Every structure is written in C-alpha cells, then in structure tokens.
$ cat run-v7.cif   # mmCIF, C-alpha atoms and all ligand atoms
data_final
#
loop_
_atom_site.label_atom_id
_atom_site.label_comp_id
_atom_site.auth_asym_id
_atom_site.auth_seq_id
_atom_site.Cartn_x
_atom_site.Cartn_y
_atom_site.Cartn_z
CA MET R 49 -6.40 9.24 15.10
CA LYS R 50 -5.42 12.60 13.54
CA THR R 51 -5.76 12.92 9.78
CA ALA R 52 -4.27 15.28 7.20
CA ASN R 53 -6.37 16.11 4.15
CA ILE R 54 -4.28 16.21 0.97
CA LEU R 55 -6.39 16.96 -2.11
CA GLY R 56 -9.34 15.11 -0.58
CA VAL R 57 -7.43 12.08 0.73
CA SER R 58 -7.41 11.87 4.55
CA PHE R 59 -4.00 10.50 5.51
CA HIS R 60 -3.41 9.23 9.04
CA ASN R 61 -0.70 11.19 10.75
CA VAL R 62 1.25 8.26 12.17
CA THR R 63 4.79 6.93 12.37
CA LEU R 64 5.59 3.45 11.09
CA LYS R 65 5.50 2.08 14.64
CA GLU R 66 2.16 3.70 15.42
CA ALA R 67 0.72 2.34 12.17
CA VAL R 68 1.81 -1.21 13.01
CA ASP R 69 0.55 -0.91 16.62
CA CYS R 70 -2.78 0.23 15.30
CA ALA R 71 -2.96 -2.63 12.77
CA MET R 72 -2.07 -5.22 15.44
CA GLU R 73 -4.76 -3.88 17.78
CA GLN R 74 -7.31 -4.14 15.01
CA ILE R 75 -6.28 -7.71 14.13
CA ARG R 76 -6.37 -8.84 17.77
CA ALA R 77 -9.81 -7.27 18.14
CA GLY R 78 -10.95 -9.13 15.02
CA LYS R 79 -12.20 -5.86 13.52
CA LYS R 80 -12.39 -6.15 9.75
CA GLY R 81 -10.82 -3.45 7.61
CA TYR R 82 -8.21 -2.59 5.05
CA VAL R 83 -5.05 -0.53 4.76
CA VAL R 84 -4.17 1.69 1.81
CA THR R 85 -0.82 3.27 1.01
CA PRO R 86 -1.45 6.12 -1.44
CA ASN R 87 1.44 7.74 -3.27
CA PRO R 88 1.04 10.96 -5.34
CA GLU R 89 -0.01 8.93 -8.38
CA ILE R 90 -2.87 7.37 -6.41
CA VAL R 91 -3.97 10.72 -4.92
CA TYR R 92 -3.98 12.11 -8.47
CA GLU R 93 -6.17 9.16 -9.59
CA THR R 94 -8.67 9.89 -6.78
CA LEU R 95 -9.19 13.37 -8.24
CA GLN R 96 -10.68 11.76 -11.37
CA ASP R 97 -12.46 8.85 -9.65
CA THR R 98 -14.63 9.76 -6.66
CA VAL R 99 -15.64 6.13 -6.03
CA PHE R 100 -11.96 5.32 -5.66
CA ARG R 101 -11.47 8.33 -3.37
CA ASP R 102 -14.29 7.20 -1.08
CA ILE R 103 -12.81 3.69 -0.91
CA VAL R 104 -9.42 5.15 0.05
CA ASN R 105 -10.97 7.36 2.72
CA ARG R 106 -12.94 4.47 4.26
CA ALA R 107 -9.73 2.51 5.00
CA SER R 108 -8.75 1.76 8.61
CA LEU R 109 -5.30 3.14 7.84
CA VAL R 110 -4.33 5.58 5.08
CA LEU R 111 -0.53 5.66 5.04
CA PRO R 112 1.58 8.22 3.16
CA ASP R 113 3.65 6.13 0.77
CA GLY R 114 6.39 8.23 -0.70
CA ILE R 115 8.11 11.52 -0.22
CA GLY R 116 5.80 13.31 -2.70
CA VAL R 117 2.95 13.12 -0.18
CA ILE R 118 5.18 14.52 2.57
CA TYR R 119 6.25 17.45 0.34
CA ALA R 120 2.59 18.10 -0.47
CA ALA R 121 1.74 18.13 3.25
CA ARG R 122 4.53 20.65 3.85
CA ILE R 123 3.41 22.87 0.98
CA LEU R 124 -0.17 22.81 2.31
CA GLY R 125 1.05 23.58 5.84
CA ILE R 126 -0.39 20.32 7.21
CA PRO R 127 1.80 18.30 9.58
CA LEU R 128 2.52 14.65 8.73
CA ALA R 129 4.90 12.59 10.88
CA GLY R 130 6.77 11.23 7.85
CA LYS R 131 6.45 8.76 5.03
CA VAL R 132 5.33 5.22 5.81
CA PRO R 133 6.19 3.20 2.68
CA GLY R 134 3.85 0.23 2.21
CA ILE R 135 6.73 -2.21 1.97
CA ASP R 136 8.24 -1.04 5.29
CA PHE R 137 4.82 -1.30 6.92
CA ALA R 138 4.49 -4.85 5.54
CA ASP R 139 7.89 -5.88 6.89
CA ALA R 140 7.27 -4.42 10.35
CA LEU R 141 3.80 -5.98 10.48
CA MET R 142 5.11 -9.44 9.51
CA TYR R 143 7.73 -9.20 12.23
CA ARG R 144 5.02 -8.53 14.83
CA MET R 145 2.68 -11.17 13.37
CA SER R 146 5.48 -13.75 13.52
CA GLN R 147 5.81 -13.19 17.28
CA GLU R 148 2.18 -14.17 17.71
CA GLY R 149 2.04 -16.97 15.11
CA MET R 150 -0.50 -15.10 13.00
CA ARG R 151 -1.70 -16.17 9.56
CA LEU R 152 -0.90 -14.29 6.35
CA PHE R 153 -2.35 -14.83 2.86
CA LEU R 154 -0.47 -13.48 -0.17
CA LEU R 155 -2.60 -12.39 -3.12
CA GLY R 156 -1.25 -10.87 -6.30
CA ALA R 157 1.57 -10.64 -8.85
CA LYS R 158 2.35 -12.98 -11.75
CA PRO R 159 1.99 -16.77 -11.32
CA GLY R 160 4.76 -18.19 -9.13
CA VAL R 161 5.75 -14.86 -7.57
CA ALA R 162 3.55 -15.10 -4.46
CA GLN R 163 4.81 -18.67 -3.81
CA GLN R 164 8.41 -17.54 -4.07
CA ALA R 165 7.65 -14.59 -1.77
CA ALA R 166 6.02 -17.05 0.68
CA GLU R 167 9.17 -19.21 0.74
CA ASN R 168 11.42 -16.22 1.36
CA LEU R 169 9.16 -14.71 4.02
CA GLN R 170 8.83 -18.01 5.83
CA LYS R 171 12.63 -18.09 6.17
CA LYS R 172 12.80 -14.46 7.25
CA TYR R 173 9.94 -14.72 9.78
CA PRO R 174 9.86 -18.33 11.04
CA GLY R 175 6.92 -17.75 13.42
CA LEU R 176 4.70 -16.41 10.65
CA VAL R 177 2.13 -18.79 9.22
CA ILE R 178 1.73 -18.39 5.45
CA ALA R 179 -1.85 -19.53 5.07
CA GLY R 180 -1.78 -19.61 1.27
CA THR R 181 -1.04 -17.77 -1.97
CA GLN R 182 -2.89 -16.86 -5.16
CA ASP R 183 -1.55 -15.03 -8.20
CA GLY R 184 -3.15 -11.75 -9.24
CA TYR R 185 -4.26 -12.69 -12.75
CA PHE R 186 -7.53 -14.50 -11.88
CA GLN R 187 -10.45 -14.32 -14.31
CA ASP R 188 -13.05 -13.39 -11.76
CA ASP R 189 -12.83 -12.15 -8.17
CA GLN R 190 -14.72 -15.16 -6.85
CA GLN R 191 -11.80 -17.38 -7.80
CA ALA R 192 -9.47 -15.42 -5.50
CA ILE R 193 -12.04 -15.31 -2.68
CA GLU R 194 -12.49 -19.09 -2.90
CA ALA R 195 -8.72 -19.57 -2.66
CA VAL R 196 -8.69 -17.67 0.65
CA LYS R 197 -11.75 -19.53 1.92
CA ALA R 198 -10.21 -22.89 0.96
CA VAL R 199 -7.35 -22.41 3.43
CA GLY R 200 -9.62 -21.25 6.24
CA GLY R 201 -8.89 -17.53 5.92
CA ALA R 202 -6.14 -15.48 7.53
CA ASP R 203 -5.51 -12.68 10.00
CA VAL R 204 -3.93 -10.54 7.29
CA MET R 205 -3.91 -10.59 3.50
CA PHE R 206 -1.41 -8.70 1.38
CA THR R 207 -3.45 -7.67 -1.64
CA CYS R 208 -0.96 -6.76 -4.36
CA LEU R 209 -2.91 -6.12 -7.57
CA GLY R 210 -1.81 -2.55 -8.31
CA ALA R 211 -4.04 0.52 -7.79
CA PRO R 212 -6.99 1.02 -8.03
CA LYS R 213 -7.73 -2.69 -8.58
CA GLN R 214 -6.46 -3.79 -5.16
CA GLU R 215 -8.37 -1.08 -3.24
CA LYS R 216 -11.59 -1.86 -5.13
CA PHE R 217 -11.09 -5.57 -4.47
CA MET R 218 -10.46 -5.09 -0.73
CA ALA R 219 -13.41 -2.75 -0.20
CA GLY R 220 -15.78 -4.62 -2.51
CA HIS R 221 -15.25 -7.99 -0.81
CA LEU R 222 -14.60 -6.86 2.76
CA ASP R 223 -17.51 -8.80 4.29
CA GLU R 224 -17.10 -11.88 2.17
CA LEU R 225 -13.35 -12.38 2.61
CA PRO R 226 -12.40 -14.46 5.66
CA VAL R 227 -9.59 -12.04 6.50
CA THR R 228 -9.39 -9.49 9.33
CA LEU R 229 -7.06 -6.93 7.76
CA SER R 230 -6.30 -6.57 4.05
CA CYS R 231 -3.33 -4.45 3.03
CA GLY R 232 -3.07 -3.00 -0.50
CA LEU R 233 0.65 -3.15 -1.26
CA GLY R 234 1.19 -2.76 -5.02
CA GLY R 235 4.40 -4.39 -6.22
CA SER R 236 5.59 -5.60 -2.78
CA LEU R 237 5.32 -9.32 -3.58
CA ASP R 238 7.75 -8.84 -6.47
CA VAL R 239 10.24 -7.39 -3.99
CA PHE R 240 9.64 -10.12 -1.38
CA ALA R 241 10.07 -12.75 -4.11
CA GLY R 242 13.29 -11.10 -5.28
CA THR R 243 12.06 -10.60 -8.86
CA VAL R 244 12.30 -6.81 -8.39
CA GLN R 245 15.04 -5.19 -6.32
CA ARG R 246 14.27 -2.38 -3.94
CA ALA R 247 16.50 0.69 -4.32
CA PRO R 248 19.82 0.68 -2.43
CA GLU R 249 19.63 2.22 1.05
CA ILE R 250 21.32 5.46 -0.05
CA PHE R 251 18.50 6.16 -2.58
CA ILE R 252 15.89 5.48 0.11
CA ARG R 253 17.63 7.79 2.59
CA LEU R 254 17.94 10.57 0.03
CA ASN R 255 14.25 10.15 -0.86
CA LEU R 256 15.22 9.15 -4.39
CA GLU R 257 13.68 5.70 -4.45
CA TRP R 258 11.23 6.84 -7.14
CA PHE R 259 14.19 7.91 -9.33
CA TYR R 260 15.86 4.51 -8.93
CA ARG R 261 12.64 2.74 -9.93
CA LEU R 262 12.33 5.00 -12.95
CA CYS R 263 15.88 4.19 -14.09
CA LYS R 264 15.26 0.43 -13.64
CA GLN R 265 11.84 0.52 -15.34
CA PRO R 266 11.80 3.47 -17.80
CA SER R 267 8.29 2.37 -18.89
CA ARG R 268 7.04 3.91 -15.62
CA ILE R 269 7.62 7.41 -17.04
CA GLY R 270 3.96 7.78 -18.11
CA ARG R 271 2.76 6.98 -14.59
CA MET R 272 5.42 9.18 -13.02
CA MET R 273 4.34 12.21 -15.02
CA LYS R 274 1.44 12.34 -12.56
CA LEU R 275 3.86 13.38 -9.82
CA PRO R 276 4.58 16.89 -11.23
CA LEU R 277 0.88 17.26 -12.06
CA PHE R 278 0.01 16.32 -8.47
CA LEU R 279 2.52 18.86 -7.09
CA LEU R 280 1.16 21.57 -9.43
CA ILE R 281 -2.37 21.03 -8.07
CA VAL R 282 -1.00 21.09 -4.50
CA ILE R 283 0.77 24.41 -5.15
CA LYS R 284 -2.35 25.83 -6.82
CA THR R 285 -4.42 24.74 -3.82
CA ARG R 286 -1.93 26.39 -1.46
CA LEU R 287 -1.88 29.65 -3.42
CA PHE R 288 -5.53 29.99 -4.37
CA GLY R 289 -7.32 27.66 -1.93
CA GLY R 290 -10.08 25.89 -3.80
CA ASN R 291 -11.14 22.34 -4.07
CA LYS R 292 -9.26 20.33 -1.45
CA LYS R 293 -11.97 17.71 -1.53
N1 LIG X 301 -0.89 -7.14 -10.75
C1 LIG X 301 -1.72 -8.22 -10.49
N2 LIG X 301 -2.88 -8.33 -11.20
C2 LIG X 301 -3.26 -7.42 -12.13
C3 LIG X 301 -2.41 -6.31 -12.38
C4 LIG X 301 -1.23 -6.20 -11.66
O1 LIG X 301 -1.43 -9.06 -9.65
O2 LIG X 301 -4.32 -7.59 -12.74
C5 LIG X 301 0.36 -7.04 -9.98
C6 LIG X 301 1.62 -6.88 -10.78
O3 LIG X 301 2.06 -8.13 -11.24
C7 LIG X 301 2.53 -6.24 -9.74
C8 LIG X 301 1.57 -5.40 -8.91
O4 LIG X 301 0.27 -5.87 -9.19
O5 LIG X 301 3.09 -7.25 -8.94
C9 LIG X 301 1.57 -3.90 -9.21
O6 LIG X 301 2.83 -3.43 -9.16
P1 LIG X 301 3.17 -1.89 -9.39
O7 LIG X 301 4.64 -1.81 -9.52
O8 LIG X 301 2.32 -1.33 -10.47
O9 LIG X 301 2.66 -1.28 -8.02
P2 LIG X 301 3.24 -0.08 -7.16
O10 LIG X 301 4.15 -0.73 -6.15
O11 LIG X 301 3.91 0.87 -8.08
O12 LIG X 301 1.99 0.46 -6.53
#
$ encode --input "run-v7.cif" --output "structure tokens"
Amino acid sequence: MKTANILGVSFHNVTLKEAVDCAMEQIRAGKKGYVVTPNPEIVYETLQDTVFRDIVNRASLVLPDGIGVIYAARILGIPLAGKVPGIDFADALMYRMSQEGMRLFLLGAKPGVAQQAAENLQKKYPGLVIAGTQDGYFQDDQQAIEAVKAVGGADVMFTCLGAPKQEKFMAGHLDELPVTLSCGLGGSLDVFAGTVQRAPEIFIRLNLEWFYRLCKQPSRIGRMMKLPLFLLIVIKTRLFGGNKK
C-alpha cells in the first residue's frame, strides 16, 4: 500500500472504501493489528513523542482524519486520495461486519456511554454482534483486557480513549488482547451514543467540521491551537526542507 510521509507520519493513501476493504481482509485472515486515525493535533504530538510516532507508524492502517492533513499533503506536494474520518471508517466497517455477523467490542468513554452506543448500533446494524462494552475510566489496563477476555474476544474493538492513550493501549496490549483489529477512534462512542452531535452535513462538506466542534466545545481551543502550529511546520518543511522525520 502506498504511503505519504507527513512530518514523519506515514499515512496510507487510500479512499474510505479501500480502507474498509483492507480492514475486512485483515480481519478475515485473522491477522492482528490496529488502525490509527491521526489528525493534525496527533501528528503535532508525534513530533514531541517519538515512542508515540513509532506506534502510529506501526499501525496496519494510518488514515488521514481531517482536512488539515489533506492540506498538509497538498502543501508538501504529496498526493493523498482524501480524508478518511475515523467515524466514517467506523460506520462503513460496521456495515460490512454486520453482513458477516462479526463481533465488535466497544471500549472507552464515560460510564454508560458505550452501552448506549451499543444499543443504538445494534438497531442500526442488526447483523452486527456487540460482544461487550467497557467504559474508558478503568484504574489499570488489565481490568479492560479482562473485560474483553470475559466475553470471548471480538473480531474488532473500537478503542476510544483519546490520543495518545488509545494508541499506546492498542499497541502495548496487541498480543494479549483477544481481538483481531483494534481501531483508535477518539470521541466516536459519544457520537454513536448520541451524547455528542456530529456537525451538520453542510459543515462536513465545507470541511468546517472542526469549526463546528470548536463552537460547541470552546474548551477545545487549547488543543486546536496545534493546528496552526502544525501548518506552520508543514510550510517551513516545504520551503526549507529539513526534518520530515
Ligand atoms: N476517554 C476515556 N478515557 C480516558 C480519557 C478519555 O475513555 O482516560 C474518552 C472520552 O470520554 C472521550 C474520548 O476518550 O469519549 C476522547 O474524545 P476526544 O473528543 O478527546 O477525541 P477526538 O475525537 O477529538 O480524538
């Protein structure tokens, strides 16, 4: 699979459909791995944390979540098929899993949220088997691993603990977790549960979903300040070359 290196993160150059095809192949083959969906904020974090960067680059799929990554690719003159938001990937994957009666475990978010998400997703994708749920505020990782083991594992686990916690969890427990493919999906369970609304379609189409989220949750401003910093480094890299690693 072709990759595009953006400030040291090797994104897979795939469409949403190709990403889901690839994930399904991997699940059917029983090949263990994990999916990451870096946005500019996460790429910026990897510049300060090389352990995190290596974890991101070892993923089976590195999907460009957000328009900021696509702009960066354009500025750097690297082709990327388009954004593949984690939540869209999750929806498309669940649709395909439901056709084959596959098992999904939901890990993350505040107590009660994953259960509510499970109820909603079960209605939306009747063929999908929700193997179990566990909130994301466990005291030690072993507790979460035991919860997955207790239900006999799953084909896929949505690991929604926020970055970099979810990526470190997926990579750190890859062998131990009885799950074929883990997907790090940030706040997706909140959206599936209906506790957080996704932006209206018009914002998504105009690539202004980030702006909608900022208006709804102004406390995100600190995190979002990393976006202009990320773009500045991209422009600097384009103009002066330098450390793309
Ligand atoms: N979260 C969690 N455990 C933690 C910290 C966070 O389960 O220790 C959850 C949090 O409740 C939220 C998600 O992780 O559901 C992170 O959401 P955020 O909006 O930060 O992620 P994004 O979609 O922006 O990557």
$ residues_near_ligand --input "run-v7.cif" --ligand "ligand LIG 301 (chain X)" --cutoff "6 Å" --atoms "only C-alpha atoms and all ligand atoms" --output "PyMOL selection string"
chain R and resi 156-158+184-185+208-210+234-235+238
$ closest_residue --input "run-v7.cif" --among "R:Gly116, R:Pro212, R:Ala67, R:Trp258" --to "Thr98 of chain R" --atoms "all atoms listed in the file"
R:Pro212
$ closest_residue --input "run-v7.cif" --among "R:Ala247, R:Ile281, R:Ile54, R:Leu233" --to "Ile126 of chain R" --atoms "all atoms listed in the file"
R:Ile54
$ atom_distance --input "run-v7.cif" --atom1 "atom CA of Gly56 of chain R" --atom2 "atom CA of Ser230 of chain R"
22.4 Å
$ residues_near_point --input "run-v7.cif" --point "(12.0, -6.9, -8.4)" --cutoff "12 Å" --atoms "only C-alpha atoms" --output "count of residues only"
20
$ closest_residue --input "run-v7.cif" --among "R:Gly200, R:Gly81, R:Gly125, R:Pro276" --to "Val104 of chain R" --atoms "all atoms listed in the file"
R:Gly81
$ atom_distance --input "run-v7.cif" --atom1 "atom CA of Gly130 of chain R" --atom2 "atom CA of Asn53 of chain R"
14.5 Å
$ atom_distance --input "run-v7.cif" --atom1 "atom CA of Gly180 of chain R" --atom2 "atom CA of Lys197 of chain R"
10.0 Å
$ closest_residue --input "run-v7.cif" --among "R:Glu167, R:Glu194, R:Asp97, R:Asp203" --to "Ala71 of chain R" --atoms "all atoms listed in the file"
R:Asp203
$ residues_around --input "run-v7.cif" --residues "Tyr119 of chain R" --least-positions-apart "3" --cutoff "12 Å" --atoms "all atoms listed in the file" --output "VMD selection string"
chain R and resid 54 87 to 88 112 to 116 122 to 131 255 275 to 276 278 to 280 282 to 283
$ residues_near_point --input "run-v7.cif" --point "(-14.1, 2.9, -4.8)" --cutoff "10 Å" --atoms "all atoms listed in the file" --output "CSV table (one decimal) with C-alpha atoms, in the frame of the given file"
chain,number,residue,atom,x,y,z
R,94,THR,CA,-8.7,9.9,-6.8
R,97,ASP,CA,-12.5,8.8,-9.6
R,98,THR,CA,-14.6,9.8,-6.7
R,99,VAL,CA,-15.6,6.1,-6.0
R,100,PHE,CA,-12.0,5.3,-5.7
R,101,ARG,CA,-11.5,8.3,-3.4
R,102,ASP,CA,-14.3,7.2,-1.1
R,103,ILE,CA,-12.8,3.7,-0.9
R,104,VAL,CA,-9.4,5.2,0.0
R,105,ASN,CA,-11.0,7.4,2.7
R,106,ARG,CA,-12.9,4.5,4.3
R,212,PRO,CA,-7.0,1.0,-8.0
R,213,LYS,CA,-7.7,-2.7,-8.6
R,215,GLU,CA,-8.4,-1.1,-3.2
R,216,LYS,CA,-11.6,-1.9,-5.1
R,217,PHE,CA,-11.1,-5.6,-4.5
R,218,MET,CA,-10.5,-5.1,-0.7
R,219,ALA,CA,-13.4,-2.8,-0.2
R,220,GLY,CA,-15.8,-4.6,-2.5
$ residues_around --input "run-v7.cif" --residues "Cys70 of chain R" --least-positions-apart "5" --cutoff "10 Å" --atoms "only C-alpha atoms" --output "list of chain:residue names"
R:Met49, R:Val62, R:Leu64, R:Lys65, R:Ile75, R:Ser108, R:Leu109
$ axis_aligned_box --input "run-v7.cif" --around "segment 90-104 of chain R" --padding-each-side "3 Å" --output "JSON"
{"center_x": -9.3, "center_y": 8.5, "center_z": -5.7, "size_x": 18.8, "size_y": 15.7, "size_z": 17.4}
$ closest_residue --input "run-v7.cif" --among "R:Met72, R:Leu95, R:Pro133, R:Gly201" --to "Ser146 of chain R" --atoms "all atoms listed in the file"
R:Met72
$ closest_residue --input "run-v7.cif" --among "R:Lys284, R:Lys79, R:Lys172, R:Arg253" --to "Asp139 of chain R" --atoms "only C-alpha atoms"
R:Lys172
$ residues_around --input "run-v7.cif" --residues "Pro159 of chain R" --least-positions-apart "5" --cutoff "10 Å" --atoms "all atoms listed in the file" --output "list in words"
Gln164, Thr181, Gln182, Asp183, Gly184, Tyr185 and Phe186 of chain R
$ residues_around --input "run-v7.cif" --residues "Pro174 of chain R" --least-positions-apart "3" --cutoff "10 Å" --atoms "all atoms listed in the file" --output "VMD selection string"
chain R and resid 143 146 to 147 149 169 to 171 177 to 178
$ build_atoms --input "run-v7.cif" --residues "segment 121-143 of chain R" --atoms "N, CA and C atoms" --output "PDB file, keeping the file's coordinate frame"
ATOM      1  N   ALA R 121       2.221  17.746   1.919  1.00  0.00           N
ATOM      2  CA  ALA R 121       1.740  18.130   3.250  1.00  0.00           C
ATOM      3  C   ALA R 121       2.451  19.398   3.712  1.00  0.00           C
ATOM      4  N   ARG R 122       3.759  19.457   3.453  1.00  0.00           N
ATOM      5  CA  ARG R 122       4.530  20.650   3.850  1.00  0.00           C
ATOM      6  C   ARG R 122       4.053  21.871   3.105  1.00  0.00           C
ATOM      7  N   ILE R 123       3.851  21.727   1.800  1.00  0.00           N
ATOM      8  CA  ILE R 123       3.410  22.870   0.980  1.00  0.00           C
ATOM      9  C   ILE R 123       2.052  23.374   1.480  1.00  0.00           C
ATOM     10  N   LEU R 124       1.175  22.437   1.865  1.00  0.00           N
ATOM     11  CA  LEU R 124      -0.170  22.810   2.310  1.00  0.00           C
ATOM     12  C   LEU R 124      -0.185  23.250   3.777  1.00  0.00           C
ATOM     13  N   GLY R 125       0.973  23.168   4.439  1.00  0.00           N
ATOM     14  CA  GLY R 125       1.050  23.580   5.840  1.00  0.00           C
ATOM     15  C   GLY R 125       0.349  22.622   6.788  1.00  0.00           C
ATOM     16  N   ILE R 126       0.262  21.339   6.368  1.00  0.00           N
ATOM     17  CA  ILE R 126      -0.390  20.320   7.210  1.00  0.00           C
ATOM     18  C   ILE R 126       0.706  19.414   7.756  1.00  0.00           C
ATOM     19  N   PRO R 127       0.736  19.174   9.064  1.00  0.00           N
ATOM     20  CA  PRO R 127       1.800  18.300   9.580  1.00  0.00           C
ATOM     21  C   PRO R 127       1.537  16.811   9.301  1.00  0.00           C
ATOM     22  N   LEU R 128       2.567  16.120   8.872  1.00  0.00           N
ATOM     23  CA  LEU R 128       2.520  14.650   8.730  1.00  0.00           C
ATOM     24  C   LEU R 128       3.828  14.131   9.323  1.00  0.00           C
ATOM     25  N   ALA R 129       3.722  13.084  10.151  1.00  0.00           N
ATOM     26  CA  ALA R 129       4.900  12.590  10.880  1.00  0.00           C
ATOM     27  C   ALA R 129       6.038  12.192   9.943  1.00  0.00           C
ATOM     28  N   GLY R 130       5.724  11.668   8.787  1.00  0.00           N
ATOM     29  CA  GLY R 130       6.770  11.230   7.850  1.00  0.00           C
ATOM     30  C   GLY R 130       6.197  10.166   6.949  1.00  0.00           C
ATOM     31  N   LYS R 131       6.997   9.767   5.947  1.00  0.00           N
ATOM     32  CA  LYS R 131       6.450   8.760   5.030  1.00  0.00           C
ATOM     33  C   LYS R 131       6.412   7.395   5.717  1.00  0.00           C
ATOM     34  N   VAL R 132       5.433   6.602   5.324  1.00  0.00           N
ATOM     35  CA  VAL R 132       5.330   5.220   5.810  1.00  0.00           C
ATOM     36  C   VAL R 132       5.174   4.342   4.566  1.00  0.00           C
ATOM     37  N   PRO R 133       6.307   3.985   3.913  1.00  0.00           N
ATOM     38  CA  PRO R 133       6.190   3.200   2.680  1.00  0.00           C
ATOM     39  C   PRO R 133       5.491   1.864   2.960  1.00  0.00           C
ATOM     40  N   GLY R 134       4.616   1.474   2.049  1.00  0.00           N
ATOM     41  CA  GLY R 134       3.850   0.230   2.210  1.00  0.00           C
ATOM     42  C   GLY R 134       4.750  -0.954   2.509  1.00  0.00           C
ATOM     43  N   ILE R 135       5.869  -1.029   1.814  1.00  0.00           N
ATOM     44  CA  ILE R 135       6.730  -2.210   1.970  1.00  0.00           C
ATOM     45  C   ILE R 135       7.372  -2.259   3.362  1.00  0.00           C
ATOM     46  N   ASP R 136       7.684  -1.090   3.924  1.00  0.00           N
ATOM     47  CA  ASP R 136       8.240  -1.040   5.290  1.00  0.00           C
ATOM     48  C   ASP R 136       7.171  -1.424   6.302  1.00  0.00           C
ATOM     49  N   PHE R 137       5.957  -0.950   6.053  1.00  0.00           N
ATOM     50  CA  PHE R 137       4.820  -1.300   6.920  1.00  0.00           C
ATOM     51  C   PHE R 137       4.636  -2.823   6.897  1.00  0.00           C
ATOM     52  N   ALA R 138       4.686  -3.401   5.690  1.00  0.00           N
ATOM     53  CA  ALA R 138       4.490  -4.850   5.540  1.00  0.00           C
ATOM     54  C   ALA R 138       5.552  -5.610   6.326  1.00  0.00           C
ATOM     55  N   ASP R 139       6.802  -5.199   6.192  1.00  0.00           N
ATOM     56  CA  ASP R 139       7.890  -5.880   6.890  1.00  0.00           C
ATOM     57  C   ASP R 139       7.710  -5.803   8.403  1.00  0.00           C
ATOM     58  N   ALA R 140       7.423  -4.604   8.900  1.00  0.00           N
ATOM     59  CA  ALA R 140       7.270  -4.420  10.350  1.00  0.00           C
ATOM     60  C   ALA R 140       6.057  -5.202  10.862  1.00  0.00           C
ATOM     61  N   LEU R 141       5.011  -5.251  10.066  1.00  0.00           N
ATOM     62  CA  LEU R 141       3.800  -5.980  10.480  1.00  0.00           C
ATOM     63  C   LEU R 141       4.085  -7.488  10.521  1.00  0.00           C
ATOM     64  N   MET R 142       4.805  -8.000   9.517  1.00  0.00           N
ATOM     65  CA  MET R 142       5.110  -9.440   9.510  1.00  0.00           C
ATOM     66  C   MET R 142       5.970  -9.823  10.698  1.00  0.00           C
ATOM     67  N   TYR R 143       6.884  -8.923  11.069  1.00  0.00           N
ATOM     68  CA  TYR R 143       7.730  -9.200  12.230  1.00  0.00           C
ATOM     69  C   TYR R 143       6.850  -9.378  13.476  1.00  0.00           C
TER      70      TYR R 143
END
